[in-house]
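Coordinates as given in structure_19.cif (mmCIF, C-alpha atoms):
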data_start
loop_
_atom_site.label_atom_id
_atom_site.label_comp_id
_atom_site.auth_asym_id
_atom_site.auth_seq_id
_atom_site.Cartn_x
_atom_site.Cartn_y
_atom_site.Cartn_z
CA MET A 1 138.59 109.05 77.82
CA SER A 2 137.24 108.87 81.38
CA GLN A 3 133.67 109.94 82.09
CA ASN A 4 133.03 113.02 84.28
CA TYR A 5 130.22 111.85 86.57
CA ASN A 6 129.74 115.35 87.96
CA GLU A 7 128.21 116.45 84.66
CA PRO A 8 124.69 115.46 83.48
CA ILE A 9 124.59 112.56 81.03
CA TYR A 10 122.06 112.88 78.21
CA ASP A 11 123.32 109.91 76.17
CA ALA A 12 123.90 106.85 78.36
CA ARG A 13 125.45 104.87 75.51
CA GLN A 14 128.79 106.42 76.45
CA LEU A 15 128.63 104.44 79.70
CA GLY A 16 128.36 101.06 77.98
CA VAL A 17 125.58 98.45 77.97
CA PRO A 18 126.29 96.87 81.42
CA LYS A 19 126.04 100.23 83.22
CA MET A 20 122.94 101.15 81.24
CA LEU A 21 121.29 97.90 82.38
CA ILE A 22 122.20 98.62 86.02
CA LEU A 23 120.82 102.15 85.73
CA GLY A 24 117.63 100.76 84.19
CA LEU A 25 117.28 98.23 87.01
CA GLN A 26 117.69 101.07 89.51
CA HIS A 27 114.68 102.83 87.96
CA THR A 28 112.71 99.57 88.18
CA PHE A 29 113.72 99.25 91.82
CA ALA A 30 112.60 102.83 92.55
CA MET A 31 109.11 102.43 91.05
CA PHE A 32 108.53 98.87 92.23
CA GLY A 33 107.33 99.36 95.79
CA ALA A 34 104.66 101.94 94.96
CA THR A 35 103.60 100.24 91.72
CA VAL A 36 102.86 96.85 93.33
CA LEU A 37 101.28 98.50 96.38
CA VAL A 38 98.27 99.67 94.34
CA PRO A 39 97.18 96.15 93.32
CA LEU A 40 97.75 95.01 96.91
CA LEU A 41 95.38 97.75 98.12
CA THR A 42 92.72 97.15 95.46
CA GLY A 43 92.88 93.43 94.72
CA LEU A 44 94.07 93.86 91.12
CA SER A 45 96.70 91.52 89.66
CA VAL A 46 100.32 92.32 90.49
CA SER A 47 101.54 90.63 87.30
CA THR A 48 99.12 92.55 85.08
CA THR A 49 100.09 95.77 86.86
CA LEU A 50 103.80 95.27 86.16
CA LEU A 51 103.12 94.31 82.54
CA PHE A 52 101.16 97.45 81.76
CA ALA A 53 103.46 99.71 83.75
CA GLY A 54 106.15 98.57 81.32
CA ILE A 55 103.97 98.67 78.21
CA GLY A 56 102.46 102.01 79.24
CA THR A 57 105.91 103.52 79.72
CA LEU A 58 107.03 102.35 76.28
CA LEU A 59 103.81 103.70 74.72
CA PHE A 60 104.34 107.04 76.45
CA HIS A 61 107.90 107.26 75.12
CA PHE A 62 106.71 106.44 71.60
CA LEU A 63 104.06 109.17 71.66
CA THR A 64 106.44 111.76 73.15
CA LYS A 65 109.12 111.04 70.52
CA GLY A 66 111.37 109.38 73.11
CA LYS A 67 112.28 112.76 74.63
CA VAL A 68 110.89 112.58 78.19
CA PRO A 69 112.69 110.37 80.78
CA ALA A 70 109.46 109.47 82.60
CA PHE A 71 108.33 106.11 84.01
CA LEU A 72 104.60 105.37 84.24
CA GLY A 73 103.62 103.35 87.31
CA SER A 74 100.42 102.72 89.26
CA SER A 75 98.44 105.82 90.22
CA PHE A 76 97.31 106.17 93.85
CA ALA A 77 94.84 108.91 92.97
CA PHE A 78 92.25 106.38 91.77
CA LEU A 79 92.26 104.36 95.01
CA GLY A 80 89.19 106.24 96.20
CA GLY A 81 87.37 105.26 93.00
CA TYR A 82 88.26 101.59 93.42
CA ALA A 83 87.16 101.74 97.07
CA ALA A 84 83.81 103.23 96.08
CA VAL A 85 83.06 100.86 93.19
CA ALA A 86 84.78 97.65 94.31
CA PRO A 87 85.48 97.70 98.06
CA MET A 88 87.37 94.76 99.52
CA ILE A 89 85.19 92.06 101.10
CA ASP A 90 86.69 90.91 104.42
CA GLY A 91 90.15 91.69 103.07
CA ALA A 92 89.54 89.75 99.83
CA PRO A 93 89.34 91.29 96.33
CA ASN A 94 85.87 92.16 95.08
CA THR A 95 86.33 90.21 91.84
CA GLU A 96 82.75 90.88 90.74
CA MET A 97 83.03 94.68 90.77
CA LEU A 98 86.74 95.24 90.00
CA PRO A 99 86.20 94.97 86.20
CA TYR A 100 83.58 97.74 86.44
CA ALA A 101 86.02 99.92 88.36
CA CYS A 102 88.55 99.29 85.59
CA GLY A 103 85.91 100.36 83.06
CA GLY A 104 85.58 103.66 84.92
CA VAL A 105 89.37 104.13 84.90
CA LEU A 106 89.46 103.38 81.17
CA CYS A 107 86.97 106.20 80.56
CA ALA A 108 88.95 108.49 82.87
CA GLY A 109 91.99 107.90 80.68
CA LEU A 110 89.99 109.11 77.70
CA ILE A 111 89.50 112.47 79.46
CA TYR A 112 93.24 112.99 79.00
CA LEU A 113 92.72 112.63 75.26
CA VAL A 114 89.99 115.28 75.30
CA LEU A 115 92.22 117.73 77.19
CA SER A 116 95.14 116.89 74.92
CA GLY A 117 93.03 117.69 71.86
CA LEU A 118 91.78 120.96 73.37
CA ILE A 119 95.31 122.06 74.22
CA LYS A 120 96.45 121.29 70.70
CA LEU A 121 93.45 123.17 69.28
CA VAL A 122 93.20 126.35 71.41
CA GLY A 123 96.39 126.44 73.48
CA VAL A 124 97.25 125.34 77.00
CA LYS A 125 96.53 128.63 78.80
CA LYS A 126 92.88 128.87 77.75
CA VAL A 127 92.12 125.28 78.77
CA MET A 128 93.89 125.41 82.13
CA ARG A 129 91.80 128.36 83.34
CA PHE A 130 89.04 125.84 84.04
CA PHE A 131 91.33 123.74 86.28
CA PRO A 132 93.18 126.11 88.63
CA PRO A 133 94.89 124.90 91.84
CA ALA A 134 91.90 126.20 93.83
CA VAL A 135 89.92 123.34 92.24
CA THR A 136 92.46 120.55 91.84
CA SER A 137 94.26 120.90 95.20
CA PRO A 138 91.21 120.29 97.45
CA ILE A 139 90.25 117.35 95.21
CA ILE A 140 93.66 115.81 95.94
CA ILE A 141 93.23 116.54 99.66
CA SER A 142 89.82 114.84 99.59
CA ILE A 143 91.21 111.67 97.98
CA GLY A 144 93.55 111.07 100.93
CA LEU A 145 90.94 111.87 103.57
CA ILE A 146 88.32 109.59 101.99
CA LEU A 147 90.79 106.70 102.05
CA ALA A 148 91.82 107.23 105.70
CA PRO A 149 89.26 104.83 107.25
CA SER A 150 90.48 101.90 105.14
CA ALA A 151 94.05 102.49 106.34
CA ILE A 152 92.95 102.28 109.98
CA ALA A 153 90.86 99.16 109.27
CA ASN A 154 93.88 97.42 107.74
CA CYS A 155 96.14 98.48 110.61
CA SER A 156 93.68 97.07 113.15
CA THR A 157 94.34 93.50 111.94
CA CYS A 158 97.74 93.67 113.70
CA TRP A 159 98.67 97.06 115.10
CA TRP A 160 102.25 96.27 116.12
CA LEU A 161 103.13 95.07 112.60
CA ALA A 162 101.48 98.13 111.05
CA ILE A 163 103.48 100.39 113.37
CA VAL A 164 106.73 98.62 112.39
CA ALA A 165 106.04 99.28 108.70
CA PHE A 166 105.12 102.89 109.45
CA LEU A 167 108.26 103.56 111.52
CA ILE A 168 110.61 102.02 108.94
CA ILE A 169 109.19 104.29 106.25
CA VAL A 170 109.48 107.39 108.44
CA ILE A 171 113.06 106.59 109.48
CA CYS A 172 114.17 105.92 105.90
CA ASN A 173 112.46 109.03 104.56
CA ILE A 174 113.76 111.40 107.25
CA TRP A 175 117.23 110.04 108.01
CA GLY A 176 117.99 107.87 104.98
CA LYS A 177 120.70 108.72 102.47
CA GLY A 178 120.88 108.15 98.71
CA MET A 179 118.68 105.33 97.44
CA VAL A 180 117.37 104.63 100.96
CA LYS A 181 115.69 108.03 100.98
CA ILE A 182 114.25 107.51 97.49
CA ILE A 183 112.59 104.14 98.14
CA PRO A 184 111.32 104.26 101.76
CA ILE A 185 108.00 102.59 100.91
CA MET A 186 109.70 99.58 99.35
CA ILE A 187 112.11 99.28 102.29
CA GLY A 188 109.19 99.59 104.70
CA VAL A 189 107.30 96.78 103.00
CA VAL A 190 110.35 94.48 102.73
CA GLY A 191 111.61 95.21 106.24
CA SER A 192 108.26 94.65 107.95
CA TYR A 193 107.65 91.58 105.76
CA VAL A 194 110.87 89.99 107.05
CA ILE A 195 109.79 90.70 110.63
CA ALA A 196 106.35 89.23 109.85
CA LEU A 197 108.06 86.09 108.51
CA ILE A 198 110.05 85.70 111.72
CA ALA A 199 106.88 86.23 113.78
CA GLY A 200 104.93 83.67 111.73
CA LYS A 201 102.47 86.25 110.38
CA VAL A 202 102.88 85.36 106.69
CA ASP A 203 100.67 82.78 104.96
CA PHE A 204 102.79 81.02 102.32
CA THR A 205 100.06 78.61 101.22
CA ALA A 206 99.31 80.38 97.94
CA VAL A 207 103.01 80.75 97.14
CA LYS A 208 103.61 77.03 97.61
CA GLU A 209 100.58 76.13 95.50
CA THR A 210 101.74 78.43 92.70
CA ALA A 211 105.31 77.10 92.81
CA SER A 212 104.02 73.52 92.66
CA GLY A 213 102.44 74.31 89.30
CA GLY A 214 105.74 73.59 87.57
CA PHE A 215 107.94 75.79 85.43
CA LEU A 216 105.18 76.68 82.97
CA GLY A 217 102.18 78.00 84.85
CA GLY A 218 104.01 78.28 88.16
CA TRP A 219 107.29 80.08 87.62
CA ILE A 220 106.42 81.32 84.13
CA GLY A 221 102.88 82.25 83.12
CA SER A 222 100.64 84.75 81.40
CA PRO A 223 100.04 88.01 83.34
CA ILE A 224 96.70 88.61 81.57
CA LYS A 225 93.38 87.12 82.69
CA LEU A 226 90.37 87.61 80.43
CA SER A 227 88.02 87.52 83.42
CA ALA A 228 89.66 90.66 84.82
CA MET A 229 89.18 92.77 81.69
CA ALA A 230 87.20 95.99 81.97
CA LYS A 231 83.41 96.03 82.06
CA PHE A 232 81.21 99.09 81.97
CA ASP A 233 78.54 100.49 84.26
CA VAL A 234 77.26 104.08 84.13
CA SER A 235 77.51 104.59 87.89
CA ALA A 236 81.09 103.28 88.04
CA VAL A 237 82.11 105.48 85.12
CA LEU A 238 80.58 108.63 86.64
CA THR A 239 82.13 107.83 90.02
CA ILE A 240 85.68 107.43 88.73
CA MET A 241 85.96 109.74 85.71
CA PRO A 242 86.13 113.03 87.69
CA ILE A 243 89.31 111.82 89.41
CA ALA A 244 91.04 112.45 86.09
CA LEU A 245 90.67 116.18 86.76
CA ALA A 246 93.10 115.86 89.67
CA THR A 247 95.46 113.37 88.02
CA MET A 248 95.83 115.54 84.91
CA MET A 249 97.01 118.39 87.12
CA GLU A 250 99.36 115.98 88.86
CA HIS A 251 100.67 114.99 85.43
CA ILE A 252 101.40 118.61 84.53
CA GLY A 253 103.30 119.06 87.81
CA ASP A 254 105.32 115.89 87.22
CA ILE A 255 106.27 116.88 83.67
CA SER A 256 107.33 120.30 84.92
CA ALA A 257 109.40 118.68 87.68
CA ILE A 258 111.14 116.35 85.23
CA GLY A 259 111.85 119.33 82.98
CA ALA A 260 113.30 121.32 85.88
CA THR A 261 115.50 118.34 86.78
CA THR A 262 116.92 117.79 83.30
CA GLY A 263 116.98 121.44 82.20
CA GLN A 264 114.51 120.82 79.36
CA ASN A 265 111.05 122.29 78.71
CA TYR A 266 108.93 119.25 77.92
CA ILE A 267 105.70 121.27 78.07
CA LYS A 268 106.87 122.99 74.88
CA ASP A 269 108.80 120.09 73.33
CA PRO A 270 107.44 117.49 72.72
CA GLY A 271 104.43 119.40 74.08
CA LEU A 272 101.95 118.98 76.92
CA HIS A 273 99.36 117.63 74.49
CA ARG A 274 101.70 114.72 73.66
CA THR A 275 102.56 113.88 77.28
CA LEU A 276 98.86 113.95 78.25
CA LEU A 277 98.04 111.75 75.26
CA GLY A 278 100.70 109.23 76.27
CA ASP A 279 99.59 109.14 79.92
CA GLY A 280 95.89 108.88 79.02
CA LEU A 281 96.30 106.10 76.46
CA ALA A 282 98.58 104.17 78.83
CA THR A 283 95.93 104.44 81.56
CA SER A 284 93.07 103.32 79.31
CA LEU A 285 95.10 100.41 77.90
CA ALA A 286 96.07 99.23 81.38
CA ALA A 287 92.49 99.46 82.66
CA LEU A 288 91.18 97.54 79.64
CA PHE A 289 93.18 94.49 80.74
CA GLY A 290 92.51 94.86 84.48
CA ALA A 291 95.54 96.88 85.61
CA PRO A 292 95.53 100.15 87.61
CA ALA A 293 95.68 103.60 86.06
CA ASN A 294 99.17 104.79 85.14
CA THR A 295 100.85 108.04 86.10
CA THR A 296 104.26 109.64 85.71
CA TYR A 297 106.33 108.67 88.74
CA GLY A 298 108.04 111.13 91.08
CA GLU A 299 110.17 108.28 92.48
CA ASN A 300 111.90 107.99 89.13
CA THR A 301 112.40 111.73 88.96
CA GLY A 302 114.28 111.29 92.24
CA VAL A 303 116.50 108.73 90.56
CA LEU A 304 117.22 111.24 87.78
CA VAL A 305 118.33 113.76 90.40
CA LEU A 306 120.51 111.19 92.15
CA SER A 307 122.16 109.64 89.09
CA ARG A 308 122.28 112.73 86.82
CA VAL A 309 121.68 110.35 83.91
CA TYR A 310 118.85 111.92 81.92
CA ASP A 311 118.76 109.60 78.94
CA PRO A 312 115.18 108.32 78.30
CA LYS A 313 116.68 105.06 76.96
CA VAL A 314 117.57 104.09 80.54
CA VAL A 315 113.90 104.46 81.57
CA ARG A 316 112.85 102.31 78.63
CA ILE A 317 115.24 99.62 79.90
CA ALA A 318 113.42 99.82 83.26
CA ALA A 319 110.12 99.31 81.44
CA CYS A 320 111.48 96.14 79.84
CA PHE A 321 112.51 94.81 83.28
CA ALA A 322 108.97 95.43 84.58
CA ILE A 323 107.51 93.47 81.65
CA LEU A 324 109.96 90.63 82.30
CA PHE A 325 109.01 90.38 86.00
CA SER A 326 105.30 90.30 85.13
CA PHE A 327 105.59 86.82 83.63
CA SER A 328 106.34 85.09 86.96
CA PRO A 329 103.21 83.94 88.90
CA VAL A 330 105.40 82.87 91.86
CA PHE A 331 106.76 86.39 92.08
CA ALA A 332 103.20 87.77 92.12
CA SER A 333 102.15 85.25 94.82
CA VAL A 334 104.97 86.38 97.09
CA ILE A 335 103.82 89.99 96.70
CA ASN A 336 100.21 88.98 97.46
CA SER A 337 101.33 87.26 100.67
CA VAL A 338 102.14 90.61 102.29
CA PRO A 339 100.00 90.79 105.50
CA THR A 340 97.09 93.24 105.54
CA ALA A 341 98.56 95.03 108.58
CA ILE A 342 101.69 95.95 106.62
CA ILE A 343 99.52 97.40 103.88
CA GLY A 344 97.71 99.34 106.59
CA GLY A 345 100.94 100.72 108.03
CA VAL A 346 102.07 101.86 104.60
CA SER A 347 98.62 103.29 103.83
CA LEU A 348 98.60 105.20 107.11
CA ILE A 349 101.37 107.46 105.88
CA LEU A 350 100.69 107.18 102.15
CA TYR A 351 97.07 108.34 102.26
CA GLY A 352 98.08 111.22 104.51
CA MET A 353 100.78 112.15 102.02
CA ILE A 354 98.20 112.29 99.23
CA SER A 355 96.29 114.91 101.20
CA GLY A 356 99.56 116.61 102.11
CA ILE A 357 100.43 116.94 98.43
CA GLY A 358 97.15 118.75 97.90
CA VAL A 359 97.95 121.15 100.75
CA ARG A 360 101.46 121.69 99.38
CA ASN A 361 99.99 122.45 95.97
CA LEU A 362 97.76 125.15 97.48
CA VAL A 363 100.83 126.75 99.07
CA GLU A 364 103.22 126.39 96.13
CA LYS A 365 100.67 127.75 93.66
CA GLN A 366 100.01 130.63 96.07
CA VAL A 367 96.25 130.17 96.14
CA ASP A 368 94.91 133.23 97.94
CA LEU A 369 92.36 131.97 100.46
CA ASN A 370 91.70 135.54 101.56
CA LYS A 371 89.69 135.81 98.34
CA SER A 372 86.13 134.71 98.98
CA ARG A 373 85.78 132.89 95.62
CA ASN A 374 88.77 130.65 96.32
CA LEU A 375 87.70 129.94 99.89
CA ILE A 376 84.16 129.07 98.74
CA ILE A 377 85.46 126.70 96.06
CA VAL A 378 87.80 124.90 98.49
CA ALA A 379 85.06 124.68 101.15
CA VAL A 380 82.45 123.30 98.75
CA ILE A 381 84.83 120.64 97.42
CA LEU A 382 86.02 119.43 100.84
CA VAL A 383 82.57 119.32 102.47
CA SER A 384 80.94 117.74 99.41
CA ALA A 385 83.62 115.08 99.01
CA LEU A 386 83.61 113.96 102.64
CA GLY A 387 79.95 114.61 103.38
CA PHE A 388 78.45 112.85 100.37
CA ASN A 389 81.00 110.03 100.69
CA SER A 390 79.75 109.36 104.23
CA ILE A 391 76.23 108.68 102.93
CA GLY A 392 77.32 106.69 99.88
CA GLY A 393 77.00 109.51 97.37
CA ILE A 394 73.81 110.36 95.45
CA THR A 395 71.79 107.79 93.51
CA PHE A 396 69.29 108.75 90.82
CA THR A 397 67.64 107.12 87.83
CA ILE A 398 67.88 108.15 84.17
CA ALA A 399 66.00 106.19 81.49
CA GLY A 400 65.58 103.27 83.87
CA THR A 401 69.30 103.14 84.77
CA ASP A 402 70.39 103.68 88.39
CA ILE A 403 73.34 106.06 88.55
CA ASN A 404 75.45 106.71 91.64
CA LEU A 405 77.69 109.74 91.96
CA SER A 406 80.39 109.38 94.61
CA GLY A 407 81.30 112.19 96.97
CA LEU A 408 84.51 112.81 95.02
CA ALA A 409 82.63 113.01 91.72
CA ILE A 410 80.09 115.47 93.16
CA ALA A 411 82.86 117.59 94.68
CA SER A 412 84.82 117.70 91.40
CA LEU A 413 81.79 118.77 89.38
CA LEU A 414 80.79 121.43 91.90
CA GLY A 415 84.35 122.75 92.05
CA ILE A 416 84.54 123.20 88.28
CA LEU A 417 81.07 124.79 88.22
CA PHE A 418 81.80 127.29 90.99
CA ASN A 419 85.15 128.18 89.42
CA ALA A 420 83.39 128.87 86.11
CA VAL A 421 80.53 131.02 87.44
CA LEU A 422 82.11 132.94 90.34
CA PRO A 423 83.76 136.21 89.25
CA GLY A 424 87.46 136.91 89.76
CA ASN A 425 89.16 133.94 88.10
CA ASP A 426 92.62 135.41 87.49
CA TYR A 427 94.54 132.14 87.22
CA GLU A 428 97.15 132.07 84.46
CA PHE A 429 98.90 128.81 83.62
CA GLY A 430 102.66 129.25 83.02
CA GLU A 431 104.47 127.14 80.41
CA GLU A 432 107.91 127.40 81.97
CA ALA A 433 109.55 124.08 82.93
#

Whole structure, structure tokens version:
Amino acid sequence: MSQNYNEPIYDARQLGVPKMLILGLQHTFAMFGATVLVPLLTGLSVSTTLLFAGIGTLLFHFLTKGKVPAFLGSSFAFLGGYAAVAPMIDGAPNTEMLPYACGGVLCAGLIYLVLSGLIKLVGVKKVMRFFPPAVTSPIIISIGLILAPSAIANCSTCWWLAIVAFLIIVICNIWGKGMVKIIPIMIGVVGSYVIALIAGKVDFTAVKETASGGFLGGWIGSPIKLSAMAKFDVSAVLTIMPIALATMMEHIGDISAIGATTGQNYIKDPGLHRTLLGDGLATSLAALFGAPANTTYGENTGVLVLSRVYDPKVVRIAACFAILFSFSPVFASVINSVPTAIIGGVSLILYGMISGIGVRNLVEKQVDLNKSRNLIIVAVILVSALGFNSIGGITFTIAGTDINLSGLAIASLLGILFNAVLPGNDYEFGEEA
């Protein structure tokens, strides 16, 4: 019997194994550009990132009973935390401080577990009153604005190449069709990389050295380095942990979007507490081994819309492909050879989009800024985040330990405090998909 491709497919086994593999590879292709961009921006390992994107996705599916067709890739929300704790040094990774940033991300992942437990214990509506869009949206806006200077600095290394990357992304996103519209960042990176190759702007030295290492160690190797594993510092933890407040809200939005796409209510079944648990544990596990935080990926939700294949097994196939790619050091070296200017061109639009998402969230959630309490909360968060970030945050000493709170951490804490004490909090979290 022929398959009707106009109808949603909830069990991809009817398509056969070859088509399932192709569909899985398509999901890998969709997440790839954004997932590898995070280690390029922070200096983390591309191989380790791919490995724990795959492992994190499989862990998420296990904890959510295999019901949610979500892929977990690198989170951009924590870029501000990495920049604060382990800023690049003349374009090179800050290998000394990156493990401490990962320690902060690991602890941020544990916040998901706390929220998951609270939701399971008292119900989602009571917990979410402390994290309304009036608090989380300006935090998201602040993340993008704080990162803006680093995008310009990267672009300044070669403005024409940065502009090429920027224009390709814009053209693909506005006028592209099908898969081209879904993966503009990846096309922007690949397209500008080819132009950089032609112009002689790519340094292939590291790629050649890696390839000369032979089959074992060069083409095939371990994606895990013990030296990159998480370390812990109080200041780094307090700087990065508050970012989880924004990413948990992003998670809830993503799960709702996936549910709306597939026609299922995943907030009720398998439950928001399970999806938060899966995302949080995946993030902490990735950070433990020196990979970026994980998050549910909107790019893959776009693939669900395009393909109308909603079977989570296809996403698990994509996770296996990511794990497979992680074991090739040559592959990682090629990714690391992307010129800084291209990263800047991508960041120019990407960081702006992060802030734009925060603005969109304010609008979509109908946050009434005519109400003084909401306007005060938004104002305090934005001014605190940018103002304190400009002076390096606040440093103080407790029991002989120097602790630094970043602008974003201060803004998050003040936002939650003002939301709790100011009268008129009428936010009600809806459970509909």

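For the pair atom CA of A:Leu414 and atom CA of A:Leu285, the interatomic distance is 29.0 Å.
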
> Hey, what's within 10 Å of A:Asn94 if we count all atoms listed in the file and toss same-chain stuff fewer than 3 positions away? As a ChimeraX atom specification, please?
Replying inline: /A:42-44,82-83,85-91,97-99

Could you write out that same residue set with C-alpha atoms as a compact mmCIF listing (two decimals), keeping the file's coordinate frame?
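Dumped to result-v6.txt:
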# COMPACT_ATOMS: atom_id res chain seq x y z
CA THR A 42 92.72 97.15 95.46
CA GLY A 43 92.88 93.43 94.72
CA LEU A 44 94.07 93.86 91.12
CA TYR A 82 88.26 101.59 93.42
CA ALA A 83 87.16 101.74 97.07
CA VAL A 85 83.06 100.86 93.19
CA ALA A 86 84.78 97.65 94.31
CA PRO A 87 85.48 97.70 98.06
CA MET A 88 87.37 94.76 99.52
CA ILE A 89 85.19 92.06 101.10
CA ASP A 90 86.69 90.91 104.42
CA GLY A 91 90.15 91.69 103.07
CA MET A 97 83.03 94.68 90.77
CA LEU A 98 86.74 95.24 90.00
CA PRO A 99 86.20 94.97 86.20

Self-check item: Computed interatomic separation between atom CA of A:Pro133 and atom CA of A:Ile111 (Å)
Solution: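 Between these atoms lies a distance of 18.4 Å.
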
By how many Å are atom CA of A:Gly259 and atom CA of A:Val180 apart?
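Atom CA of A:Gly259 sits 23.9 Å away from atom CA of A:Val180.
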
Residues at most 7 Å from A:Val237, counting only C-alpha atoms, excluding those fewer than 5 positions away in the same chain, as a compact mmCIF listing (two decimals) with C-alpha atoms, in the coordinates of the input?
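After the write, around-v2.txt holds the following:
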# COMPACT_ATOMS: atom_id res chain seq x y z
CA GLY A 103 85.91 100.36 83.06
CA GLY A 104 85.58 103.66 84.92
CA CYS A 107 86.97 106.20 80.56

Practice task
Taking the file above as input, evaluate the PyMOL selection byres ((chain A and resi 342-344) around 9) and report the hits as a ChimeraX atom specification.
Solution key: /A:37,40-41,150-159,161-166,188-189,192-193,196,338-341,345-349

So that I have them on file, write out the residues from the current selection with C-alpha atoms, as a CSV table (one decimal), keeping the file's coordinate frame.
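What ended up in again-v2.csv:
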chain,number,residue,atom,x,y,z
A,37,LEU,CA,101.3,98.5,96.4
A,40,LEU,CA,97.8,95.0,96.9
A,41,LEU,CA,95.4,97.8,98.1
A,150,SER,CA,90.5,101.9,105.1
A,151,ALA,CA,94.0,102.5,106.3
A,152,ILE,CA,93.0,102.3,110.0
A,153,ALA,CA,90.9,99.2,109.3
A,154,ASN,CA,93.9,97.4,107.7
A,155,CYS,CA,96.1,98.5,110.6
A,156,SER,CA,93.7,97.1,113.2
A,157,THR,CA,94.3,93.5,111.9
A,158,CYS,CA,97.7,93.7,113.7
A,159,TRP,CA,98.7,97.1,115.1
A,161,LEU,CA,103.1,95.1,112.6
A,162,ALA,CA,101.5,98.1,111.0
A,163,ILE,CA,103.5,100.4,113.4
A,164,VAL,CA,106.7,98.6,112.4
A,165,ALA,CA,106.0,99.3,108.7
A,166,PHE,CA,105.1,102.9,109.4
A,188,GLY,CA,109.2,99.6,104.7
A,189,VAL,CA,107.3,96.8,103.0
A,192,SER,CA,108.3,94.6,108.0
A,193,TYR,CA,107.6,91.6,105.8
A,196,ALA,CA,106.4,89.2,109.8
A,338,VAL,CA,102.1,90.6,102.3
A,339,PRO,CA,100.0,90.8,105.5
A,340,THR,CA,97.1,93.2,105.5
A,341,ALA,CA,98.6,95.0,108.6
A,345,GLY,CA,100.9,100.7,108.0
A,346,VAL,CA,102.1,101.9,104.6
A,347,SER,CA,98.6,103.3,103.8
A,348,LEU,CA,98.6,105.2,107.1
A,349,ILE,CA,101.4,107.5,105.9

Suppose a student applies the PyMOL selection byres ((chain A and resi 136-149) around 8) to this structure; what residues should they get, written as a ChimeraX atom specification?
/A:77,79-80,83,131-135,150-153,245-246,249,348,351-359,361-362,378,381-382,385-386,389,408,411-412

Expansion of the PyMOL selection byres ((chain A and resi 27-36) around 6) into residues, as a CSV table (one decimal) with C-alpha atoms, keeping the file's coordinate frame:
chain,number,residue,atom,x,y,z
A,24,GLY,CA,117.6,100.8,84.2
A,25,LEU,CA,117.3,98.2,87.0
A,26,GLN,CA,117.7,101.1,89.5
A,37,LEU,CA,101.3,98.5,96.4
A,38,VAL,CA,98.3,99.7,94.3
A,39,PRO,CA,97.2,96.2,93.3
A,46,VAL,CA,100.3,92.3,90.5
A,73,GLY,CA,103.6,103.4,87.3
A,74,SER,CA,100.4,102.7,89.3
A,183,ILE,CA,112.6,104.1,98.1
A,186,MET,CA,109.7,99.6,99.4
A,299,GLU,CA,110.2,108.3,92.5
A,300,ASN,CA,111.9,108.0,89.1
A,318,ALA,CA,113.4,99.8,83.3

Closest of A:Thr57, A:Asn425, A:Ser75, A:Ser406 to A:His251, counting all atoms listed in the file, is A:Ser75

Could you check which of A:Tyr427, A:Tyr310, A:Phe321, A:Trp160 is closest to A:Thr262, using all atoms listed in the file?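 Ranked by minimum distance to A:Thr262, first place goes to A:Tyr310.
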
If you count only C-alpha atoms, the residue of A:Leu369, A:Val305, A:Ala319, A:Met248 closest to A:Leu110 turns out to be A:Met248

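You can rank A:Val363, A:Ala244, A:Ile410, A:Val190 by their closest distance to A:Val383 using all atoms listed in the file, and at the top of that list sits A:Ile410.
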
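Residues with any atom within 12 Å of the point (96.3, 122.6, 71.7), counting only C-alpha atoms, are Leu113, Val114, Leu115, Ser116, Gly117, Leu118, Ile119, Lys120, Leu121, Val122, Gly123, Val124, Lys125, Lys126, Val127, Met128, Ile267, Lys268, Gly271, Leu272, His273, Arg274, Leu276 and Leu277 of chain A.
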
Now that the selection is made, can you save its residues with C-alpha atoms as a PDB file, keeping the file's coordinate frame?
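Writing the result to again_2.pdb gives the following:
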ATOM      1  CA  LEU A 113      92.720 112.630  75.260  1.00  0.00           C
ATOM      2  CA  VAL A 114      89.990 115.280  75.300  1.00  0.00           C
ATOM      3  CA  LEU A 115      92.220 117.730  77.190  1.00  0.00           C
ATOM      4  CA  SER A 116      95.140 116.890  74.920  1.00  0.00           C
ATOM      5  CA  GLY A 117      93.030 117.690  71.860  1.00  0.00           C
ATOM      6  CA  LEU A 118      91.780 120.960  73.370  1.00  0.00           C
ATOM      7  CA  ILE A 119      95.310 122.060  74.220  1.00  0.00           C
ATOM      8  CA  LYS A 120      96.450 121.290  70.700  1.00  0.00           C
ATOM      9  CA  LEU A 121      93.450 123.170  69.280  1.00  0.00           C
ATOM     10  CA  VAL A 122      93.200 126.350  71.410  1.00  0.00           C
ATOM     11  CA  GLY A 123      96.390 126.440  73.480  1.00  0.00           C
ATOM     12  CA  VAL A 124      97.250 125.340  77.000  1.00  0.00           C
ATOM     13  CA  LYS A 125      96.530 128.630  78.800  1.00  0.00           C
ATOM     14  CA  LYS A 126      92.880 128.870  77.750  1.00  0.00           C
ATOM     15  CA  VAL A 127      92.120 125.280  78.770  1.00  0.00           C
ATOM     16  CA  MET A 128      93.890 125.410  82.130  1.00  0.00           C
ATOM     17  CA  ILE A 267     105.700 121.270  78.070  1.00  0.00           C
ATOM     18  CA  LYS A 268     106.870 122.990  74.880  1.00  0.00           C
ATOM     19  CA  GLY A 271     104.430 119.400  74.080  1.00  0.00           C
ATOM     20  CA  LEU A 272     101.950 118.980  76.920  1.00  0.00           C
ATOM     21  CA  HIS A 273      99.360 117.630  74.490  1.00  0.00           C
ATOM     22  CA  ARG A 274     101.700 114.720  73.660  1.00  0.00           C
ATOM     23  CA  LEU A 276      98.860 113.950  78.250  1.00  0.00           C
ATOM     24  CA  LEU A 277      98.040 111.750  75.260  1.00  0.00           C
TER      25      LEU A 277
END
